[in-house]
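Asks: As input, take my_file15.cif (mmCIF, C-alpha atoms):
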data_work
loop_
_atom_site.group_PDB
_atom_site.id
_atom_site.type_symbol
_atom_site.label_atom_id
_atom_site.label_comp_id
_atom_site.auth_asym_id
_atom_site.auth_seq_id
_atom_site.Cartn_x
_atom_site.Cartn_y
_atom_site.Cartn_z
ATOM 1 C CA MET A 1 72.912 78.280 97.420
ATOM 2 C CA GLU A 2 74.323 74.793 97.518
ATOM 3 C CA LYS A 3 77.561 73.945 99.335
ATOM 4 C CA ILE A 4 80.104 71.975 97.360
ATOM 5 C CA LYS A 5 82.647 69.999 99.354
ATOM 6 C CA ALA A 6 86.007 69.638 97.619
ATOM 7 C CA ILE A 7 88.819 67.400 98.801
ATOM 8 C CA GLY A 8 91.319 69.287 100.915
ATOM 9 C CA ASN A 9 89.345 72.506 101.387
ATOM 10 C CA GLU A 10 88.686 71.780 105.031
ATOM 11 C CA MET A 11 91.222 72.824 107.590
ATOM 12 C CA THR A 12 92.032 69.325 108.793
ATOM 13 C CA PHE A 13 94.715 66.932 107.639
ATOM 14 C CA TYR A 14 93.670 64.351 105.101
ATOM 15 C CA ALA A 15 95.483 61.470 103.428
ATOM 16 C CA SER A 16 94.779 61.532 99.717
ATOM 17 C CA SER A 17 96.679 61.402 96.455
ATOM 18 C CA ASN A 18 94.692 64.396 95.174
ATOM 19 C CA VAL A 19 96.107 67.836 95.918
ATOM 20 C CA THR A 20 97.060 71.052 94.166
ATOM 21 C CA LEU A 21 100.330 72.518 95.437
ATOM 22 C CA LEU A 22 101.333 76.158 95.041
ATOM 23 C CA PHE A 23 100.372 76.526 91.361
ATOM 24 C CA ASP A 24 97.530 75.317 89.143
ATOM 25 C CA PHE A 25 99.936 73.225 87.084
ATOM 26 C CA TRP A 26 101.095 71.284 90.181
ATOM 27 C CA ASN A 27 97.893 69.306 90.370
ATOM 28 C CA VAL A 28 98.440 65.805 91.777
ATOM 29 C CA ASN A 29 95.822 63.177 90.908
ATOM 30 C CA SER A 30 97.549 59.822 91.346
ATOM 31 C CA PRO A 31 99.586 57.880 93.900
ATOM 32 C CA GLY A 32 102.656 58.073 91.631
ATOM 33 C CA GLY A 33 102.232 61.827 91.310
ATOM 34 C CA MET A 34 101.931 62.089 95.088
ATOM 35 C CA VAL A 35 105.160 60.131 95.626
ATOM 36 C CA LEU A 36 106.947 62.384 93.134
ATOM 37 C CA SER A 37 105.505 65.512 94.787
ATOM 38 C CA VAL A 38 106.560 64.327 98.242
ATOM 39 C CA VAL A 39 110.099 63.711 96.963
ATOM 40 C CA VAL A 40 110.226 67.169 95.336
ATOM 41 C CA VAL A 41 108.953 68.851 98.513
ATOM 42 C CA MET A 42 111.453 66.846 100.582
ATOM 43 C CA LEU A 43 114.329 67.987 98.365
ATOM 44 C CA LEU A 44 113.152 71.605 98.552
ATOM 45 C CA THR A 45 113.117 71.321 102.335
ATOM 46 C CA VAL A 46 116.626 69.839 102.407
ATOM 47 C CA PHE A 47 117.749 72.763 100.213
ATOM 48 C CA TYR A 48 116.044 75.180 102.640
ATOM 49 C CA GLU A 49 118.055 73.727 105.547
ATOM 50 C CA LEU A 50 121.271 73.920 103.509
ATOM 51 C CA LEU A 51 120.509 77.567 102.727
ATOM 52 C CA LYS A 52 120.182 78.336 106.421
ATOM 53 C CA VAL A 53 123.559 76.776 107.158
ATOM 54 C CA TRP A 54 125.181 78.462 104.163
ATOM 55 C CA ARG A 55 123.990 81.877 105.382
ATOM 56 C CA VAL A 56 125.284 81.198 108.906
ATOM 57 C CA TRP A 57 128.587 79.955 107.499
ATOM 58 C CA LEU A 58 128.982 83.078 105.348
ATOM 59 C CA SER A 59 128.224 85.404 108.240
ATOM 60 C CA THR A 60 130.553 83.619 110.660
ATOM 61 C CA SER A 61 133.384 83.339 108.155
ATOM 62 C CA THR A 62 132.990 87.019 107.314
ATOM 63 C CA PHE A 63 132.864 87.900 111.016
ATOM 64 C CA ALA A 64 135.925 85.771 111.739
ATOM 65 C CA HIS A 65 137.698 87.418 108.818
ATOM 66 C CA HIS A 66 136.928 90.913 110.161
ATOM 67 C CA SER A 67 137.595 90.081 113.799
ATOM 68 C CA SER A 68 141.079 88.775 113.013
ATOM 69 C CA TYR A 69 142.084 92.378 112.258
ATOM 70 C CA THR A 70 140.645 93.977 115.368
ATOM 71 C CA ALA A 71 140.877 91.286 118.004
ATOM 72 C CA GLY A 72 144.206 90.258 119.392
ATOM 73 C CA PRO A 73 146.063 87.216 118.201
ATOM 74 C CA PRO A 74 144.298 83.877 118.590
ATOM 75 C CA SER A 75 145.139 81.917 121.709
ATOM 76 C CA HIS A 76 146.133 78.756 119.821
ATOM 77 C CA HIS A 77 149.412 79.688 118.135
ATOM 78 C CA SER A 78 152.275 77.527 117.120
ATOM 79 C CA ASP A 79 155.701 78.179 118.636
ATOM 80 C CA SER A 80 156.969 79.865 115.466
ATOM 81 C CA VAL A 81 154.145 82.401 115.547
ATOM 82 C CA SER A 82 154.687 83.170 119.237
ATOM 83 C CA VAL A 83 158.397 83.788 118.543
ATOM 84 C CA LEU A 84 157.390 86.330 115.876
ATOM 85 C CA GLU A 85 155.032 88.026 118.296
ATOM 86 C CA ASN A 86 157.754 88.391 120.905
ATOM 87 C CA ASN A 87 160.227 89.916 118.453
ATOM 88 C CA PRO A 88 158.884 93.330 117.335
ATOM 89 C CA SER A 89 161.048 93.633 114.212
ATOM 90 C CA GLU A 90 159.937 90.250 112.854
ATOM 91 C CA ALA A 91 156.326 90.742 113.941
ATOM 92 C CA SER A 92 156.112 93.827 111.720
ATOM 93 C CA LEU A 93 156.923 91.623 108.722
ATOM 94 C CA THR A 94 153.783 89.551 109.228
ATOM 95 C CA GLU A 95 151.488 92.544 109.767
ATOM 96 C CA GLY A 96 151.784 93.682 106.159
ATOM 97 C CA HIS A 97 150.238 90.454 104.859
ATOM 98 C CA HIS A 98 146.807 91.281 106.288
ATOM 99 C CA SER A 99 144.745 94.092 104.882
ATOM 100 C CA PHE A 100 141.245 95.195 105.597
ATOM 101 C CA PRO A 101 138.682 93.910 103.113
ATOM 102 C CA SER A 102 137.718 96.446 100.492
ATOM 103 C CA THR A 103 134.423 98.244 100.571
ATOM 104 C CA ARG A 104 133.545 96.527 97.302
ATOM 105 C CA GLY A 105 134.169 93.100 98.857
ATOM 106 C CA ARG A 106 131.975 93.937 101.839
ATOM 107 C CA TRP A 107 129.150 95.091 99.563
ATOM 108 C CA LEU A 108 129.500 91.954 97.466
ATOM 109 C CA ARG A 109 129.254 89.741 100.562
ATOM 110 C CA HIS A 110 126.310 91.788 101.799
ATOM 111 C CA GLY A 111 124.615 91.448 98.398
ATOM 112 C CA ILE A 112 125.128 87.680 98.399
ATOM 113 C CA GLN A 113 123.776 87.490 101.956
ATOM 114 C CA THR A 114 120.720 89.510 100.887
ATOM 115 C CA LEU A 115 120.030 87.293 97.878
ATOM 116 C CA LEU A 116 120.363 84.158 99.996
ATOM 117 C CA HIS A 117 118.013 85.680 102.577
ATOM 118 C CA MET A 118 115.430 86.448 99.877
ATOM 119 C CA LEU A 119 115.695 82.897 98.541
ATOM 120 C CA GLN A 120 115.394 81.440 102.044
ATOM 121 C CA VAL A 121 112.314 83.531 102.873
ATOM 122 C CA ALA A 122 110.594 82.735 99.555
ATOM 123 C CA LEU A 123 111.329 79.028 99.881
ATOM 124 C CA GLY A 124 110.205 79.026 103.516
ATOM 125 C CA TYR A 125 106.859 80.603 102.636
ATOM 126 C CA MET A 126 106.376 78.192 99.735
ATOM 127 C CA LEU A 127 106.992 75.251 102.055
ATOM 128 C CA MET A 128 104.559 76.741 104.558
ATOM 129 C CA LEU A 129 101.928 76.978 101.834
ATOM 130 C CA CYS A 130 102.583 73.330 100.964
ATOM 131 C CA VAL A 131 101.903 72.414 104.599
ATOM 132 C CA MET A 132 98.737 74.500 104.436
ATOM 133 C CA SER A 133 97.410 72.159 101.754
ATOM 134 C CA TYR A 134 96.697 69.963 104.817
ATOM 135 C CA ASN A 135 97.785 66.894 102.902
ATOM 136 C CA THR A 136 99.306 64.407 105.338
ATOM 137 C CA TRP A 137 101.828 63.051 102.823
ATOM 138 C CA ILE A 138 103.108 66.497 101.872
ATOM 139 C CA PHE A 139 103.364 67.445 105.552
ATOM 140 C CA LEU A 140 105.341 64.281 106.337
ATOM 141 C CA GLY A 141 107.601 64.934 103.326
ATOM 142 C CA ILE A 142 108.433 68.384 104.687
ATOM 143 C CA ILE A 143 109.109 67.037 108.183
ATOM 144 C CA VAL A 144 111.367 64.265 106.834
ATOM 145 C CA GLY A 145 113.114 66.720 104.479
ATOM 146 C CA SER A 146 113.738 69.163 107.304
ATOM 147 C CA SER A 147 115.133 66.433 109.529
ATOM 148 C CA LEU A 148 117.320 65.087 106.733
ATOM 149 C CA GLY A 149 118.526 68.584 105.819
ATOM 150 C CA TYR A 150 119.391 69.325 109.439
ATOM 151 C CA PHE A 151 121.181 65.982 109.794
ATOM 152 C CA ILE A 152 123.257 66.632 106.651
ATOM 153 C CA SER A 153 123.968 70.331 106.961
ATOM 154 C CA PHE A 154 124.566 71.301 110.571
ATOM 155 C CA PRO A 155 127.676 69.127 111.069
ATOM 156 C CA LEU A 156 129.167 71.164 108.203
ATOM 157 C CA LEU A 157 129.229 74.206 110.492
ATOM 158 C CA ARG A 158 131.568 72.444 112.903
ATOM 159 C CA GLN A 159 134.068 71.839 110.084
ATOM 160 C CA HIS A 160 134.379 75.594 109.569
#
As structure tokens, please, write out the structure in this file.

Replies:
Amino acid sequence: MEKIKAIGNEMTFYASSNVTLLFDFWNVNSPGGMVLSVVVVMLLTVFYELLKVWRVWLSTSTFAHHSSYTAGPPSHHSDSVSVLENNPSEASLTEGHHSFPSTRGRWLRHGIQTLLHMLQVALGYMLMLCVMSYNTWIFLGIIVGSSLGYFISFPLLRQH
């Protein structure tokens, strides 16, 4: 039996404009196609990083929302709030404005979190498979996209 060597079937990085990514229809055969594929993979990686931050933001905002009911008052109050806390009759007026989130709201948030997790896992595995094409340009596109996504998205957590 004769061995046939195809481009990219070895497990070493190679720099070529010929690669098939993820699906048979994503078959790149030209430098222009490679540039377009690198840009698409970069954008997918930026979206992956944004998804990670969005999930963290949702979980921390939900946690902060729940903890405001059980934990004591925050330590950074204005003077008007501290006056209300010291006067029991006026403090009772502000307690009625907060209610525990409904069970339906919690399930909705949990469902959204689950869908985002599924999307993040699927996208992460797809990006891993792109790296496993061992194409240097695709690999560099994912690294640049991840760095760019991190640079853009993680400062957004501090604004929360």

Asks: Could you list, as a PyMOL selection string, every residue matched by the PyMOL selection byres ((chain A and resi 50) around 12) in this structure?

Replies: chain A and resi 43-49+51-57+116+119-120+123+145-157

Asks: What does the structure give for the distance between CA of Asn135 in chain A and CA of Val121 in chain A, in Å to one decimal?

Replies: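 Interatomic distance here is 22.1 Å.
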
Asks: My list of candidates is A:Gly141, A:Arg158, A:Asn18, A:Trp26. Which is closest to Val41 in chain A when distances are computed with all atoms listed in the file?

Replies: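 Ranking A:Gly141, A:Arg158, A:Asn18, A:Trp26 by distance to Val41 in chain A, first place goes to A:Gly141.
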
Asks: Which residue is closest to His110 in chain A? Choose from A:Met34, A:Met132, A:Leu140, A:Leu58 and count only C-alpha atoms.

Replies: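 Using only C-alpha atoms, His110 in chain A sits closest to A:Leu58.
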
Asks: How far is it from CA of Ala15 in chain A to CA of Thr136 in chain A, in Å with one decimal?

Replies: 5.2 Å

Asks: Can you tell me how far CA of Tyr125 in chain A sits from CA of Trp107 in chain A, in Å to one decimal?

Replies: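 We find that CA of Tyr125 in chain A and CA of Trp107 in chain A lie 26.8 Å from each other.
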
Asks: Between A:Ile142, A:Met11, A:Arg109, A:Cys130, which is the closest to Thr60 in chain A once you count all atoms listed in the file?

Replies: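 So, comparing all the options, the nearest one is A:Arg109.
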
Asks: Between A:Ser61, A:Ser16, A:Ile138, A:Ile143, which one has atoms that come closest to Val40 in chain A, using only C-alpha atoms?

Replies: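 The closest residue to Val40 in chain A is A:Ile138.
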
Asks: Would you pick out the contacts of Ser17 in chain A at 7 Å or less, using only C-alpha atoms, so that residues sharing its chain but fewer than 2 positions from it are not included, and give the list as a list in words?

Replies: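 Once the adjacent positions are removed, what remains is Val19, Val28, Asn29, Ser30, Pro31 and Met34 of chain A.
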
Asks: At the level of N, CA, C and O atoms, write range 19-53 of chain A to a file as a tab-separated table (two decimals), in the first residue's frame, please.

Replies:
chain	number	residue	atom	x	y	z
A	19	VAL	N	-5.98	24.83	3.59
A	19	VAL	CA	-6.43	24.18	4.82
A	19	VAL	C	-7.95	23.99	4.73
A	19	VAL	O	-8.64	24.76	4.07
A	20	THR	N	-8.43	22.95	5.38
A	20	THR	CA	-9.86	22.76	5.54
A	20	THR	C	-10.16	22.92	7.03
A	20	THR	O	-9.58	22.22	7.86
A	21	LEU	N	-11.06	23.84	7.34
A	21	LEU	CA	-11.39	24.14	8.74
A	21	LEU	C	-12.80	23.67	9.08
A	21	LEU	O	-13.76	24.07	8.42
A	22	LEU	N	-12.91	22.85	10.06
A	22	LEU	CA	-14.16	22.43	10.69
A	22	LEU	C	-15.12	21.67	9.78
A	22	LEU	O	-15.64	20.64	10.15
A	23	PHE	N	-15.40	22.17	8.61
A	23	PHE	CA	-16.40	21.58	7.71
A	23	PHE	C	-15.81	21.46	6.31
A	23	PHE	O	-14.92	22.23	5.93
A	24	ASP	N	-16.35	20.54	5.53
A	24	ASP	CA	-15.86	20.36	4.15
A	24	ASP	C	-16.01	21.62	3.30
A	24	ASP	O	-15.18	21.90	2.44
A	25	PHE	N	-17.05	22.40	3.57
A	25	PHE	CA	-17.26	23.60	2.76
A	25	PHE	C	-16.31	24.73	3.12
A	25	PHE	O	-16.18	25.70	2.38
A	26	TRP	N	-15.62	24.64	4.26
A	26	TRP	CA	-14.64	25.68	4.64
A	26	TRP	C	-13.26	25.23	4.20
A	26	TRP	O	-12.38	24.98	4.98
A	27	ASN	N	-13.11	25.12	2.91
A	27	ASN	CA	-11.87	24.66	2.30
A	27	ASN	C	-11.14	25.87	1.72
A	27	ASN	O	-11.61	26.49	0.77
A	28	VAL	N	-10.01	26.20	2.29
A	28	VAL	CA	-9.24	27.39	1.89
A	28	VAL	C	-8.15	26.95	0.92
A	28	VAL	O	-7.39	26.04	1.21
A	29	ASN	N	-8.09	27.63	-0.23
A	29	ASN	CA	-7.11	27.26	-1.26
A	29	ASN	C	-6.33	28.44	-1.82
A	29	ASN	O	-5.63	28.29	-2.81
A	30	SER	N	-6.47	29.61	-1.21
A	30	SER	CA	-5.79	30.79	-1.75
A	30	SER	C	-5.35	31.70	-0.62
A	30	SER	O	-5.90	31.64	0.48
A	31	PRO	N	-4.38	32.57	-0.90
A	31	PRO	CA	-3.97	33.53	0.14
A	31	PRO	C	-5.12	34.44	0.60
A	31	PRO	O	-5.25	34.73	1.78
A	32	GLY	N	-5.95	34.88	-0.33
A	32	GLY	CA	-7.09	35.72	0.03
A	32	GLY	C	-8.07	34.98	0.91
A	32	GLY	O	-8.62	35.54	1.87
A	33	GLY	N	-8.32	33.71	0.59
A	33	GLY	CA	-9.19	32.88	1.41
A	33	GLY	C	-8.61	32.67	2.81
A	33	GLY	O	-9.34	32.62	3.80
A	34	MET	N	-7.27	32.56	2.87
A	34	MET	CA	-6.63	32.38	4.17
A	34	MET	C	-6.77	33.64	5.02
A	34	MET	O	-7.07	33.56	6.21
A	35	VAL	N	-6.58	34.80	4.40
A	35	VAL	CA	-6.73	36.06	5.15
A	35	VAL	C	-8.16	36.17	5.69
A	35	VAL	O	-8.37	36.51	6.85
A	36	LEU	N	-9.13	35.87	4.84
A	36	LEU	CA	-10.54	35.93	5.26
A	36	LEU	C	-10.80	34.92	6.39
A	36	LEU	O	-11.47	35.25	7.38
A	37	SER	N	-10.26	33.73	6.27
A	37	SER	CA	-10.45	32.70	7.31
A	37	SER	C	-9.80	33.11	8.62
A	37	SER	O	-10.37	32.89	9.69
A	38	VAL	N	-8.63	33.72	8.55
A	38	VAL	CA	-7.96	34.19	9.77
A	38	VAL	C	-8.80	35.28	10.44
A	38	VAL	O	-8.96	35.29	11.66
A	39	VAL	N	-9.36	36.18	9.65
A	39	VAL	CA	-10.20	37.24	10.21
A	39	VAL	C	-11.45	36.65	10.86
A	39	VAL	O	-11.84	37.04	11.97
A	40	VAL	N	-12.08	35.68	10.20
A	40	VAL	CA	-13.28	35.05	10.76
A	40	VAL	C	-12.94	34.34	12.07
A	40	VAL	O	-13.66	34.47	13.07
A	41	VAL	N	-11.84	33.59	12.09
A	41	VAL	CA	-11.44	32.88	13.30
A	41	VAL	C	-11.08	33.88	14.41
A	41	VAL	O	-11.41	33.66	15.57
A	42	MET	N	-10.44	34.98	14.04
A	42	MET	CA	-10.13	36.02	15.03
A	42	MET	C	-11.41	36.58	15.65
A	42	MET	O	-11.50	36.75	16.87
A	43	LEU	N	-12.40	36.89	14.82
A	43	LEU	CA	-13.66	37.43	15.32
A	43	LEU	C	-14.39	36.42	16.20
A	43	LEU	O	-14.98	36.79	17.22
A	44	LEU	N	-14.35	35.15	15.82
A	44	LEU	CA	-14.97	34.11	16.66
A	44	LEU	C	-14.28	34.03	18.02
A	44	LEU	O	-14.93	33.84	19.05
A	45	THR	N	-12.97	34.22	18.02
A	45	THR	CA	-12.23	34.17	19.28
A	45	THR	C	-12.52	35.39	20.15
A	45	THR	O	-12.66	35.27	21.37
A	46	VAL	N	-12.66	36.56	19.53
A	46	VAL	CA	-13.05	37.76	20.28
A	46	VAL	C	-14.44	37.53	20.89
A	46	VAL	O	-14.67	37.84	22.07
A	47	PHE	N	-15.35	36.96	20.11
A	47	PHE	CA	-16.70	36.67	20.62
A	47	PHE	C	-16.64	35.67	21.78
A	47	PHE	O	-17.36	35.80	22.76
A	48	TYR	N	-15.76	34.69	21.69
A	48	TYR	CA	-15.57	33.71	22.77
A	48	TYR	C	-15.16	34.42	24.07
A	48	TYR	O	-15.69	34.13	25.14
A	49	GLU	N	-14.20	35.35	23.96
A	49	GLU	CA	-13.76	36.09	25.15
A	49	GLU	C	-14.89	36.96	25.70
A	49	GLU	O	-15.06	37.08	26.91
A	50	LEU	N	-15.67	37.58	24.83
A	50	LEU	CA	-16.81	38.39	25.27
A	50	LEU	C	-17.84	37.52	25.98
A	50	LEU	O	-18.45	37.94	26.98
A	51	LEU	N	-18.06	36.31	25.47
A	51	LEU	CA	-18.99	35.38	26.11
A	51	LEU	C	-18.55	35.05	27.53
A	51	LEU	O	-19.38	35.00	28.45
A	52	LYS	N	-17.26	34.82	27.70
A	52	LYS	CA	-16.75	34.52	29.04
A	52	LYS	C	-17.04	35.66	30.00
A	52	LYS	O	-17.51	35.44	31.12
A	53	VAL	N	-16.79	36.88	29.56
A	53	VAL	CA	-17.02	38.04	30.42
A	53	VAL	C	-18.50	38.24	30.67
A	53	VAL	O	-18.91	38.56	31.78
